[in-house]
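Q: Input start32.cif, format and content: mmCIF, C-alpha atoms.
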```
data_query
#
loop_
_atom_site.group_PDB
_atom_site.id
_atom_site.type_symbol
_atom_site.label_atom_id
_atom_site.label_comp_id
_atom_site.auth_asym_id
_atom_site.auth_seq_id
_atom_site.Cartn_x
_atom_site.Cartn_y
_atom_site.Cartn_z
ATOM 1 C CA MET J 1395 -26.617 -35.583 -39.548
ATOM 2 C CA LYS J 1396 -24.405 -35.000 -42.547
ATOM 3 C CA ASN J 1397 -21.872 -32.217 -42.107
ATOM 4 C CA ASP J 1398 -19.588 -30.718 -44.708
ATOM 5 C CA HIS J 1399 -15.862 -30.750 -44.036
ATOM 6 C CA LEU J 1400 -14.912 -27.803 -41.841
ATOM 7 C CA SER J 1401 -13.073 -25.316 -43.998
ATOM 8 C CA ALA J 1402 -10.988 -22.285 -43.132
ATOM 9 C CA ALA J 1403 -13.941 -19.925 -43.412
ATOM 10 C CA PRO J 1404 -13.421 -16.225 -42.726
ATOM 11 C CA ALA J 1405 -13.867 -15.046 -39.162
ATOM 12 C CA LEU J 1406 -16.956 -13.159 -38.087
ATOM 13 C CA SER J 1407 -16.775 -9.623 -39.405
ATOM 14 C CA ARG J 1408 -16.285 -6.694 -37.068
ATOM 15 C CA ASP J 1409 -18.569 -3.693 -37.359
ATOM 16 C CA ALA J 1410 -16.591 -0.567 -38.170
ATOM 17 C CA GLY J 1411 -15.795 1.285 -34.999
ATOM 18 C CA ASP J 1412 -17.814 -0.992 -32.746
ATOM 19 C CA GLY J 1413 -14.834 -1.572 -30.457
ATOM 20 C CA HIS J 1414 -15.845 -5.179 -29.691
ATOM 21 C CA ASP J 1415 -12.941 -7.349 -28.679
ATOM 22 C CA ALA J 1416 -12.862 -11.113 -29.196
ATOM 23 C CA GLY J 1417 -11.690 -11.382 -25.598
ATOM 24 C CA CYS J 1418 -14.215 -11.008 -22.806
ATOM 25 C CA ARG J 1419 -14.132 -7.970 -20.562
ATOM 26 C CA LEU J 1420 -15.868 -9.889 -17.780
ATOM 27 C CA CYS J 1421 -14.068 -13.192 -17.810
ATOM 28 C CA ALA J 1422 -12.230 -15.773 -19.882
ATOM 29 C CA LEU J 1423 -12.895 -19.421 -20.537
ATOM 30 C CA ARG J 1424 -10.318 -21.795 -19.197
ATOM 31 C CA GLN J 1425 -7.688 -22.258 -21.869
ATOM 32 C CA GLY J 1426 -8.560 -25.089 -24.230
ATOM 33 C CA HIS J 1427 -11.990 -25.773 -22.749
ATOM 34 C CA GLY J 1428 -15.379 -24.952 -24.258
ATOM 35 C CA ALA J 1429 -17.293 -25.563 -21.043
ATOM 36 C CA TRP J 1430 -18.131 -22.619 -18.832
ATOM 37 C CA ASN J 1431 -16.714 -22.880 -15.318
ATOM 38 C CA ALA J 1432 -19.902 -22.942 -13.249
ATOM 39 C CA ARG J 1433 -18.475 -21.371 -10.093
ATOM 40 C CA ARG J 1434 -16.751 -18.609 -12.018
ATOM 41 C CA GLY J 1435 -19.896 -18.031 -14.061
ATOM 42 C CA PHE J 1436 -21.976 -17.709 -10.907
ATOM 43 C CA LEU J 1437 -19.633 -15.147 -9.364
ATOM 44 C CA LEU J 1438 -19.451 -13.129 -12.554
ATOM 45 C CA ALA J 1439 -23.192 -13.228 -12.987
ATOM 46 C CA ALA J 1440 -23.577 -11.795 -9.504
ATOM 47 C CA GLY J 1441 -21.100 -9.065 -10.357
ATOM 48 C CA ALA J 1442 -22.881 -8.324 -13.613
ATOM 49 C CA ALA J 1443 -26.170 -7.968 -11.792
ATOM 50 C CA LEU J 1444 -24.610 -5.371 -9.510
ATOM 51 C CA ALA J 1445 -22.978 -3.552 -12.398
ATOM 52 C CA GLY J 1446 -26.209 -3.006 -14.356
ATOM 53 C CA PRO J 1447 -29.945 -2.825 -13.802
ATOM 54 C CA ALA J 1448 -31.325 -6.227 -12.851
ATOM 55 C CA ARG J 1449 -34.889 -5.396 -13.807
ATOM 56 C CA ALA J 1450 -35.884 -6.758 -17.197
ATOM 57 C CA GLN J 1451 -36.585 -4.112 -19.818
ATOM 58 C CA VAL J 1452 -38.594 -6.357 -22.139
ATOM 59 C CA ASP J 1453 -41.927 -7.825 -21.114
ATOM 60 C CA VAL J 1454 -42.444 -11.534 -21.797
ATOM 61 C CA GLY J 1455 -44.512 -12.527 -18.766
ATOM 62 C CA SER J 1456 -43.928 -15.641 -16.695
ATOM 63 C CA SER J 1457 -42.714 -18.974 -18.026
ATOM 64 C CA SER J 1458 -45.218 -21.697 -18.836
ATOM 65 C CA ALA J 1459 -46.391 -23.538 -15.722
ATOM 66 C CA MET J 1460 -46.675 -26.707 -17.819
ATOM 67 C CA ARG J 1461 -42.904 -27.083 -17.795
ATOM 68 C CA GLN J 1462 -43.147 -28.148 -14.148
ATOM 69 C CA LEU J 1463 -44.445 -31.505 -15.353
ATOM 70 C CA VAL J 1464 -41.001 -32.437 -16.669
ATOM 71 C CA PRO J 1465 -37.978 -32.641 -14.338
ATOM 72 C CA ALA J 1466 -35.453 -30.034 -15.448
ATOM 73 C CA GLU J 1467 -32.530 -32.223 -14.399
ATOM 74 C CA GLY J 1468 -33.659 -35.115 -16.575
ATOM 75 C CA LEU J 1469 -34.105 -32.933 -19.632
ATOM 76 C CA GLU J 1470 -30.750 -31.217 -19.173
ATOM 77 C CA GLN J 1471 -29.042 -34.576 -18.759
ATOM 78 C CA ALA J 1472 -30.676 -35.845 -21.963
ATOM 79 C CA ALA J 1473 -29.530 -32.691 -23.758
ATOM 80 C CA THR J 1474 -25.955 -33.138 -22.539
ATOM 81 C CA GLN J 1475 -25.895 -36.708 -23.835
ATOM 82 C CA GLN J 1476 -27.340 -35.728 -27.211
ATOM 83 C CA TYR J 1477 -24.939 -32.799 -27.512
ATOM 84 C CA GLY J 1478 -21.979 -35.055 -26.769
ATOM 85 C CA LYS J 1479 -23.043 -37.530 -29.455
ATOM 86 C CA MET J 1480 -23.455 -34.722 -31.959
ATOM 87 C CA LEU J 1481 -19.938 -33.431 -31.236
ATOM 88 C CA GLU J 1482 -18.471 -36.929 -31.525
ATOM 89 C CA GLN J 1483 -20.108 -37.386 -34.915
ATOM 90 C CA ALA J 1484 -18.895 -33.994 -36.125
ATOM 91 C CA LYS J 1485 -15.372 -34.748 -34.929
ATOM 92 C CA ALA J 1486 -15.376 -38.092 -36.710
ATOM 93 C CA GLN J 1487 -16.324 -36.263 -39.915
ATOM 94 C CA ARG J 1488 -13.621 -33.632 -39.337
ATOM 95 C CA ALA J 1489 -16.365 -31.042 -39.066
ATOM 96 C CA LEU J 1490 -15.805 -29.960 -35.461
ATOM 97 C CA ALA J 1491 -13.868 -26.713 -35.089
ATOM 98 C CA GLY J 1492 -10.812 -26.811 -32.863
ATOM 99 C CA ASP J 1493 -10.212 -24.372 -30.030
ATOM 100 C CA SER J 1494 -7.901 -22.257 -32.210
ATOM 101 C CA ASN J 1495 -10.518 -21.694 -34.924
ATOM 102 C CA PRO J 1496 -11.028 -17.895 -35.268
ATOM 103 C CA GLN J 1497 -14.787 -18.160 -35.752
ATOM 104 C CA LEU J 1498 -15.152 -20.381 -32.703
ATOM 105 C CA GLN J 1499 -13.031 -18.016 -30.633
ATOM 106 C CA LYS J 1500 -15.316 -15.159 -31.697
ATOM 107 C CA LEU J 1501 -18.423 -17.123 -30.719
ATOM 108 C CA ARG J 1502 -16.993 -18.067 -27.349
ATOM 109 C CA GLY J 1503 -16.029 -14.458 -26.771
ATOM 110 C CA ILE J 1504 -19.625 -13.422 -27.492
ATOM 111 C CA SER J 1505 -20.980 -16.073 -25.151
ATOM 112 C CA GLN J 1506 -18.736 -14.865 -22.336
ATOM 113 C CA ARG J 1507 -20.399 -11.471 -22.565
ATOM 114 C CA LEU J 1508 -23.955 -12.861 -22.540
ATOM 115 C CA ILE J 1509 -23.783 -15.733 -20.053
ATOM 116 C CA PRO J 1510 -23.273 -13.601 -16.917
ATOM 117 C CA PHE J 1511 -26.705 -12.044 -17.499
ATOM 118 C CA SER J 1512 -28.547 -15.352 -17.923
ATOM 119 C CA PRO J 1513 -29.384 -16.156 -14.247
ATOM 120 C CA GLN J 1514 -31.853 -13.262 -14.039
ATOM 121 C CA TRP J 1515 -33.963 -15.176 -16.545
ATOM 122 C CA ASN J 1516 -33.434 -18.614 -15.024
ATOM 123 C CA SER J 1517 -31.741 -19.249 -11.668
ATOM 124 C CA ARG J 1518 -30.614 -22.699 -12.834
ATOM 125 C CA ALA J 1519 -28.380 -21.080 -15.445
ATOM 126 C CA SER J 1520 -25.786 -20.120 -12.827
ATOM 127 C CA SER J 1521 -24.898 -23.806 -12.423
ATOM 128 C CA TRP J 1522 -25.153 -24.845 -16.073
ATOM 129 C CA LYS J 1523 -21.942 -26.070 -17.692
ATOM 130 C CA TRP J 1524 -22.161 -23.815 -20.721
ATOM 131 C CA GLU J 1525 -20.503 -24.951 -23.939
ATOM 132 C CA VAL J 1526 -20.096 -23.305 -27.334
ATOM 133 C CA ASN J 1527 -18.993 -25.285 -30.377
ATOM 134 C CA LEU J 1528 -18.842 -24.740 -34.123
ATOM 135 C CA ILE J 1529 -19.646 -27.355 -36.756
ATOM 136 C CA GLY J 1530 -18.615 -27.148 -40.397
ATOM 137 C CA SER J 1531 -21.758 -27.365 -42.487
ATOM 138 C CA LYS J 1532 -23.516 -25.345 -45.178
ATOM 139 C CA GLN J 1533 -26.670 -25.423 -43.078
ATOM 140 C CA ILE J 1534 -27.947 -22.090 -41.811
ATOM 141 C CA ASN J 1535 -28.499 -23.222 -38.253
ATOM 142 C CA ALA J 1536 -27.698 -22.605 -34.585
ATOM 143 C CA PHE J 1537 -29.263 -23.765 -31.331
ATOM 144 C CA CYS J 1538 -28.912 -23.885 -27.561
ATOM 145 C CA MET J 1539 -30.067 -27.067 -25.890
ATOM 146 C CA PRO J 1540 -31.380 -27.237 -22.307
ATOM 147 C CA GLY J 1541 -28.533 -26.759 -19.848
ATOM 148 C CA GLY J 1542 -26.629 -24.270 -22.000
ATOM 149 C CA LYS J 1543 -25.248 -26.436 -24.821
ATOM 150 C CA ILE J 1544 -24.736 -24.085 -27.780
ATOM 151 C CA ALA J 1545 -23.805 -24.974 -31.349
ATOM 152 C CA PHE J 1546 -23.419 -22.865 -34.491
ATOM 153 C CA TYR J 1547 -22.977 -24.162 -38.021
ATOM 154 C CA THR J 1548 -20.516 -22.333 -40.261
ATOM 155 C CA GLY J 1549 -23.291 -21.874 -42.812
ATOM 156 C CA ILE J 1550 -25.165 -19.330 -40.705
ATOM 157 C CA LEU J 1551 -21.975 -17.286 -40.234
ATOM 158 C CA ASP J 1552 -20.728 -17.460 -43.804
ATOM 159 C CA GLN J 1553 -23.873 -17.387 -45.903
ATOM 160 C CA LEU J 1554 -25.487 -14.563 -43.944
ATOM 161 C CA LYS J 1555 -22.133 -12.797 -43.406
ATOM 162 C CA LEU J 1556 -23.022 -12.117 -39.792
ATOM 163 C CA THR J 1557 -21.397 -9.247 -37.938
ATOM 164 C CA ASP J 1558 -20.436 -9.784 -34.310
ATOM 165 C CA ASP J 1559 -23.577 -7.942 -33.227
ATOM 166 C CA GLU J 1560 -25.814 -10.096 -35.437
ATOM 167 C CA ALA J 1561 -24.138 -13.303 -34.244
ATOM 168 C CA ALA J 1562 -24.788 -12.125 -30.674
ATOM 169 C CA MET J 1563 -28.476 -11.721 -31.514
ATOM 170 C CA VAL J 1564 -28.609 -15.290 -32.830
ATOM 171 C CA MET J 1565 -26.837 -16.573 -29.735
ATOM 172 C CA GLY J 1566 -29.022 -14.541 -27.387
ATOM 173 C CA HIS J 1567 -32.139 -15.828 -29.099
ATOM 174 C CA GLU J 1568 -31.045 -19.450 -28.799
ATOM 175 C CA MET J 1569 -29.933 -18.997 -25.186
ATOM 176 C CA ALA J 1570 -33.351 -17.508 -24.455
ATOM 177 C CA HIS J 1571 -35.083 -20.689 -25.646
ATOM 178 C CA ALA J 1572 -33.071 -22.613 -23.043
ATOM 179 C CA LEU J 1573 -33.503 -20.008 -20.303
ATOM 180 C CA ARG J 1574 -37.268 -19.819 -20.818
ATOM 181 C CA GLU J 1575 -37.324 -23.649 -20.912
ATOM 182 C CA HIS J 1576 -39.350 -23.810 -24.090
ATOM 183 C CA ALA J 1577 -38.274 -27.389 -24.855
ATOM 184 C CA ARG J 1578 -39.294 -28.477 -21.366
ATOM 185 C CA ALA J 1579 -42.707 -26.834 -21.696
ATOM 186 C CA ARG J 1580 -43.269 -28.219 -25.187
ATOM 187 C CA LEU J 1581 -42.424 -31.741 -24.064
ATOM 188 C CA ALA J 1582 -44.753 -31.408 -21.084
ATOM 189 C CA LYS J 1583 -47.634 -30.179 -23.235
ATOM 190 C CA THR J 1584 -47.127 -32.930 -25.796
ATOM 191 C CA GLN J 1585 -46.885 -35.706 -23.239
ATOM 192 C CA ALA J 1586 -49.637 -34.390 -20.997
ATOM 193 C CA THR J 1587 -52.014 -34.131 -23.950
ATOM 194 C CA SER J 1588 -51.282 -37.647 -25.119
ATOM 195 C CA MET J 1589 -51.646 -39.026 -21.606
ATOM 196 C CA GLY J 1590 -54.700 -36.971 -20.703
ATOM 197 C CA LEU J 1591 -52.920 -35.304 -17.801
ATOM 198 C CA SER J 1592 -53.405 -31.953 -16.108
ATOM 199 C CA LEU J 1593 -50.943 -29.764 -14.284
ATOM 200 C CA GLY J 1594 -52.124 -31.187 -10.970
ATOM 201 C CA ALA J 1595 -50.973 -34.637 -12.050
ATOM 202 C CA GLN J 1596 -47.421 -33.742 -11.061
ATOM 203 C CA LEU J 1597 -48.462 -34.523 -7.503
ATOM 204 C CA LEU J 1598 -48.804 -38.161 -8.517
ATOM 205 C CA GLY J 1599 -45.200 -38.473 -9.679
ATOM 206 C CA LEU J 1600 -44.878 -38.560 -13.449
ATOM 207 C CA GLY J 1601 -42.211 -41.141 -14.079
ATOM 208 C CA ASP J 1602 -43.340 -41.542 -17.682
ATOM 209 C CA LEU J 1603 -42.757 -37.870 -18.391
ATOM 210 C CA GLY J 1604 -39.302 -38.074 -16.885
ATOM 211 C CA ASN J 1605 -38.502 -41.068 -19.077
ATOM 212 C CA ALA J 1606 -39.811 -39.234 -22.122
ATOM 213 C CA ALA J 1607 -37.220 -36.507 -21.578
ATOM 214 C CA ALA J 1608 -34.441 -39.075 -21.740
ATOM 215 C CA ASN J 1609 -35.778 -40.492 -25.020
ATOM 216 C CA LEU J 1610 -35.976 -37.259 -26.981
ATOM 217 C CA GLY J 1611 -32.958 -37.951 -29.153
ATOM 218 C CA THR J 1612 -32.447 -35.421 -31.943
ATOM 219 C CA GLN J 1613 -35.825 -33.810 -31.227
ATOM 220 C CA LEU J 1614 -34.002 -31.415 -28.914
ATOM 221 C CA ILE J 1615 -32.191 -30.015 -31.937
ATOM 222 C CA THR J 1616 -35.152 -29.868 -34.322
ATOM 223 C CA LEU J 1617 -37.962 -28.751 -32.018
ATOM 224 C CA LYS J 1618 -40.359 -26.273 -33.581
ATOM 225 C CA PHE J 1619 -41.437 -23.732 -31.018
ATOM 226 C CA SER J 1620 -44.684 -21.790 -30.940
ATOM 227 C CA ARG J 1621 -45.034 -18.222 -32.142
ATOM 228 C CA THR J 1622 -45.201 -17.115 -28.507
ATOM 229 C CA ASP J 1623 -41.958 -18.987 -27.756
ATOM 230 C CA GLU J 1624 -40.265 -17.326 -30.710
ATOM 231 C CA THR J 1625 -41.388 -13.874 -29.607
ATOM 232 C CA GLU J 1626 -40.104 -14.505 -26.093
ATOM 233 C CA ALA J 1627 -36.762 -15.711 -27.443
ATOM 234 C CA ASP J 1628 -36.476 -12.665 -29.704
ATOM 235 C CA LEU J 1629 -37.052 -10.223 -26.851
ATOM 236 C CA VAL J 1630 -35.065 -11.988 -24.135
ATOM 237 C CA GLY J 1631 -32.216 -12.551 -26.592
ATOM 238 C CA LEU J 1632 -32.349 -8.885 -27.573
ATOM 239 C CA GLU J 1633 -31.945 -7.852 -23.938
ATOM 240 C CA LEU J 1634 -29.172 -10.369 -23.238
ATOM 241 C CA ALA J 1635 -27.200 -9.111 -26.210
ATOM 242 C CA ALA J 1636 -27.757 -5.449 -25.307
ATOM 243 C CA ARG J 1637 -26.569 -6.062 -21.742
ATOM 244 C CA GLY J 1638 -23.494 -7.715 -23.223
ATOM 245 C CA GLY J 1639 -22.697 -4.577 -25.209
ATOM 246 C CA PHE J 1640 -24.008 -5.607 -28.628
ATOM 247 C CA ASP J 1641 -25.952 -3.169 -30.797
ATOM 248 C CA PRO J 1642 -29.702 -3.921 -30.496
ATOM 249 C CA ASP J 1643 -30.304 -2.605 -34.020
ATOM 250 C CA ALA J 1644 -28.505 -5.754 -35.204
ATOM 251 C CA SER J 1645 -31.615 -7.764 -34.277
ATOM 252 C CA VAL J 1646 -33.459 -6.017 -37.094
ATOM 253 C CA SER J 1647 -30.675 -6.364 -39.664
ATOM 254 C CA LEU J 1648 -30.327 -10.039 -38.708
ATOM 255 C CA TRP J 1649 -33.935 -10.885 -39.441
ATOM 256 C CA ARG J 1650 -33.876 -8.888 -42.651
ATOM 257 C CA LYS J 1651 -30.994 -11.104 -43.730
ATOM 258 C CA MET J 1652 -33.025 -14.129 -42.666
ATOM 259 C CA GLY J 1653 -35.906 -12.889 -44.796
ATOM 260 C CA GLU J 1654 -33.640 -12.581 -47.825
ATOM 261 C CA ALA J 1655 -32.280 -16.075 -47.207
ATOM 262 C CA THR J 1656 -35.847 -17.396 -47.110
ATOM 263 C CA LYS J 1657 -36.521 -15.918 -50.540
ATOM 264 C CA ASN J 1658 -33.303 -17.175 -52.062
ATOM 265 C CA GLN J 1659 -33.110 -20.676 -50.630
ATOM 266 C CA GLY J 1660 -35.513 -23.402 -49.630
ATOM 267 C CA GLY J 1661 -35.442 -25.921 -46.813
ATOM 268 C CA LEU J 1662 -33.211 -23.960 -44.461
ATOM 269 C CA ALA J 1663 -33.007 -25.742 -41.114
ATOM 270 C CA PHE J 1664 -32.920 -22.594 -39.000
ATOM 271 C CA LEU J 1665 -35.679 -20.850 -40.904
ATOM 272 C CA SER J 1666 -37.957 -23.868 -40.752
ATOM 273 C CA THR J 1667 -38.027 -23.511 -36.970
ATOM 274 C CA HIS J 1668 -37.540 -19.726 -36.841
ATOM 275 C CA PRO J 1669 -39.749 -18.231 -39.571
ATOM 276 C CA SER J 1670 -38.952 -14.675 -40.572
ATOM 277 C CA GLY J 1671 -41.454 -12.016 -41.467
ATOM 278 C CA PRO J 1672 -42.416 -8.340 -41.225
ATOM 279 C CA ASP J 1673 -44.324 -8.849 -37.948
ATOM 280 C CA ARG J 1674 -41.228 -10.222 -36.294
ATOM 281 C CA ILE J 1675 -39.127 -7.297 -37.494
ATOM 282 C CA ARG J 1676 -41.734 -4.743 -36.407
ATOM 283 C CA GLN J 1677 -41.862 -6.231 -32.930
ATOM 284 C CA LEU J 1678 -38.091 -6.091 -32.611
ATOM 285 C CA GLU J 1679 -38.035 -2.500 -33.857
ATOM 286 C CA ALA J 1680 -40.592 -1.586 -31.195
ATOM 287 C CA ASN J 1681 -38.451 -3.119 -28.453
ATOM 288 C CA VAL J 1682 -35.029 -1.830 -29.496
ATOM 289 C CA PRO J 1683 -35.600 1.480 -27.628
ATOM 290 C CA ARG J 1684 -36.356 -0.474 -24.441
ATOM 291 C CA VAL J 1685 -32.841 -1.907 -24.331
ATOM 292 C CA GLU J 1686 -30.914 0.985 -25.874
ATOM 293 C CA GLY J 1687 -29.980 2.275 -22.421
ATOM 294 C CA LEU J 1688 -28.586 -1.129 -21.443
ATOM 295 C CA TYR J 1689 -26.455 -1.188 -24.584
ATOM 296 C CA GLN J 1690 -25.123 2.318 -23.985
ATOM 297 C CA ALA J 1691 -24.347 1.494 -20.348
ATOM 298 C CA ALA J 1692 -22.484 -1.658 -21.390
ATOM 299 C CA LYS J 1693 -20.472 0.292 -23.947
ATOM 300 C CA ARG J 1694 -19.484 2.872 -21.324
ATOM 301 C CA GLY J 1695 -18.502 0.117 -18.906
#
```
Can you turn what I pasted into structure tokens?
A:
Amino acid sequence: MKNDHLSAAPALSRDAGDGHDAGCRLCALRQGHGAWNARRGFLLAAGAALAGPARAQVDVGSSSAMRQLVPAEGLEQAATQQYGKMLEQAKAQRALAGDSNPQLQKLRGISQRLIPFSPQWNSRASSWKWEVNLIGSKQINAFCMPGGKIAFYTGILDQLKLTDDEAAMVMGHEMAHALREHARARLAKTQATSMGLSLGAQLLGLGDLGNAAANLGTQLITLKFSRTDETEADLVGLELAARGGFDPDASVSLWRKMGEATKNQGGLAFLSTHPSGPDRIRQLEANVPRVEGLYQAAKRG
């Protein structure tokens, strides 16, 4: 992965009068550490669930049963290893943002407002060691690997001139992929198809599938999800962001910006795996009213 030298890019813009603070109202990361304290995250998630309605406002159905074919622990461990290698490479190229970087501080502040609401979508998330990092690159890209490993590239912030609310929609979307375990399900479907397996084969002990998770390499970063996966991530991410106090209308403005970027540039990493289009925008517009109450409640709180 070739990354451009990390430059002193402008911080994420603040919407006029939105009142968002870079600091988290719910909690704060330990000074100098990008990893989320699991115990603190669990306690705050429980508090967040009491503070707001726990019932999901968007309808995405149940997660794919196929994911059960792949051990979650093995996939999360593989993701952690791949994420660590990626950070080491970025650091060696002077492309990894330091803790004092304003854009990184903004992103971590956003994550602190979304993470407490993640366990309602996946109980494992309360014990994930969440991390948020920023890599200097012109690529328009961001992702969240299994286990809560988040990365943004400066290109998606700078070239799209994301507001805080729009950046929260990107982060919520990527977190949703991890929470809904789309990578786990995709790996299971791919491996099961190639091996001629059915869901019932898990009873036999699928060591080969477990090994496959450990050999994914960079595939965890470049996975192309299905249209259904993308819709789920859009809606779950929309709700996560709204619960965190970010304007749900930003989901629409975000994807309009993505659409413009698609017209103006070719070969964008993010857009190759997250295609934009009028159907996507219409679906988000239809669901914004569902989470408007959550947003207003978060703003009052």
Q: From the set J:Leu1678, J:Val1564, J:Ala1691, J:Ile1504, which residue has the shortest atom-to-atom contact distance to Ile1534 in chain J, counting only C-alpha atoms?
A: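 Checking each of J:Leu1678, J:Val1564, J:Ala1691, J:Ile1504 against Ile1534 in chain J, counting only C-alpha atoms, the winner is J:Val1564.
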Q: Tell me, as a PyMOL selection string, which residues lie within 9 Å of Asp1453 in chain J, counting only C-alpha atoms; anything in the same chain fewer than 6 positions away does not count.
A: chain J and resi 1626+1629-1630
Q: May I have the protein, DNA and RNA residues with any atom at most 8 Å from the point (-27.0, -22.8, -18.4), counting all atoms listed in the file, written as a compact mmCIF listing (two decimals) with C-alpha atoms, in the frame of the given file?
A:
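Result file selection01.txt:
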```
# COMPACT_ATOMS: atom_id res chain seq x y z
CA ILE J 1509 -23.78 -15.73 -20.05
CA SER J 1512 -28.55 -15.35 -17.92
CA ARG J 1518 -30.61 -22.70 -12.83
CA ALA J 1519 -28.38 -21.08 -15.44
CA SER J 1520 -25.79 -20.12 -12.83
CA SER J 1521 -24.90 -23.81 -12.42
CA TRP J 1522 -25.15 -24.84 -16.07
CA LYS J 1523 -21.94 -26.07 -17.69
CA TRP J 1524 -22.16 -23.82 -20.72
CA PRO J 1540 -31.38 -27.24 -22.31
CA GLY J 1541 -28.53 -26.76 -19.85
CA GLY J 1542 -26.63 -24.27 -22.00
CA LYS J 1543 -25.25 -26.44 -24.82
CA ALA J 1572 -33.07 -22.61 -23.04
CA LEU J 1573 -33.50 -20.01 -20.30
```
Q: I'd like the neighbourhood of Ser1505 in chain J as a list in words, where a residue qualifies if any of its atoms comes within 8 Å (using all atoms listed in the file), though same-chain residues fewer than 3 positions away should be ignored.
A: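 Using all atoms listed in the file, the neighbours found are Leu1501, Arg1502, Leu1508, Ile1509, Val1526, Ala1562 and Met1565 of chain J.
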Q: CA of Asp1552 in chain J to CA of Asn1681 in chain J: how many Å, to one decimal?
A: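 Going from CA of Asp1552 in chain J over to CA of Asn1681 in chain J covers 27.5 Å.
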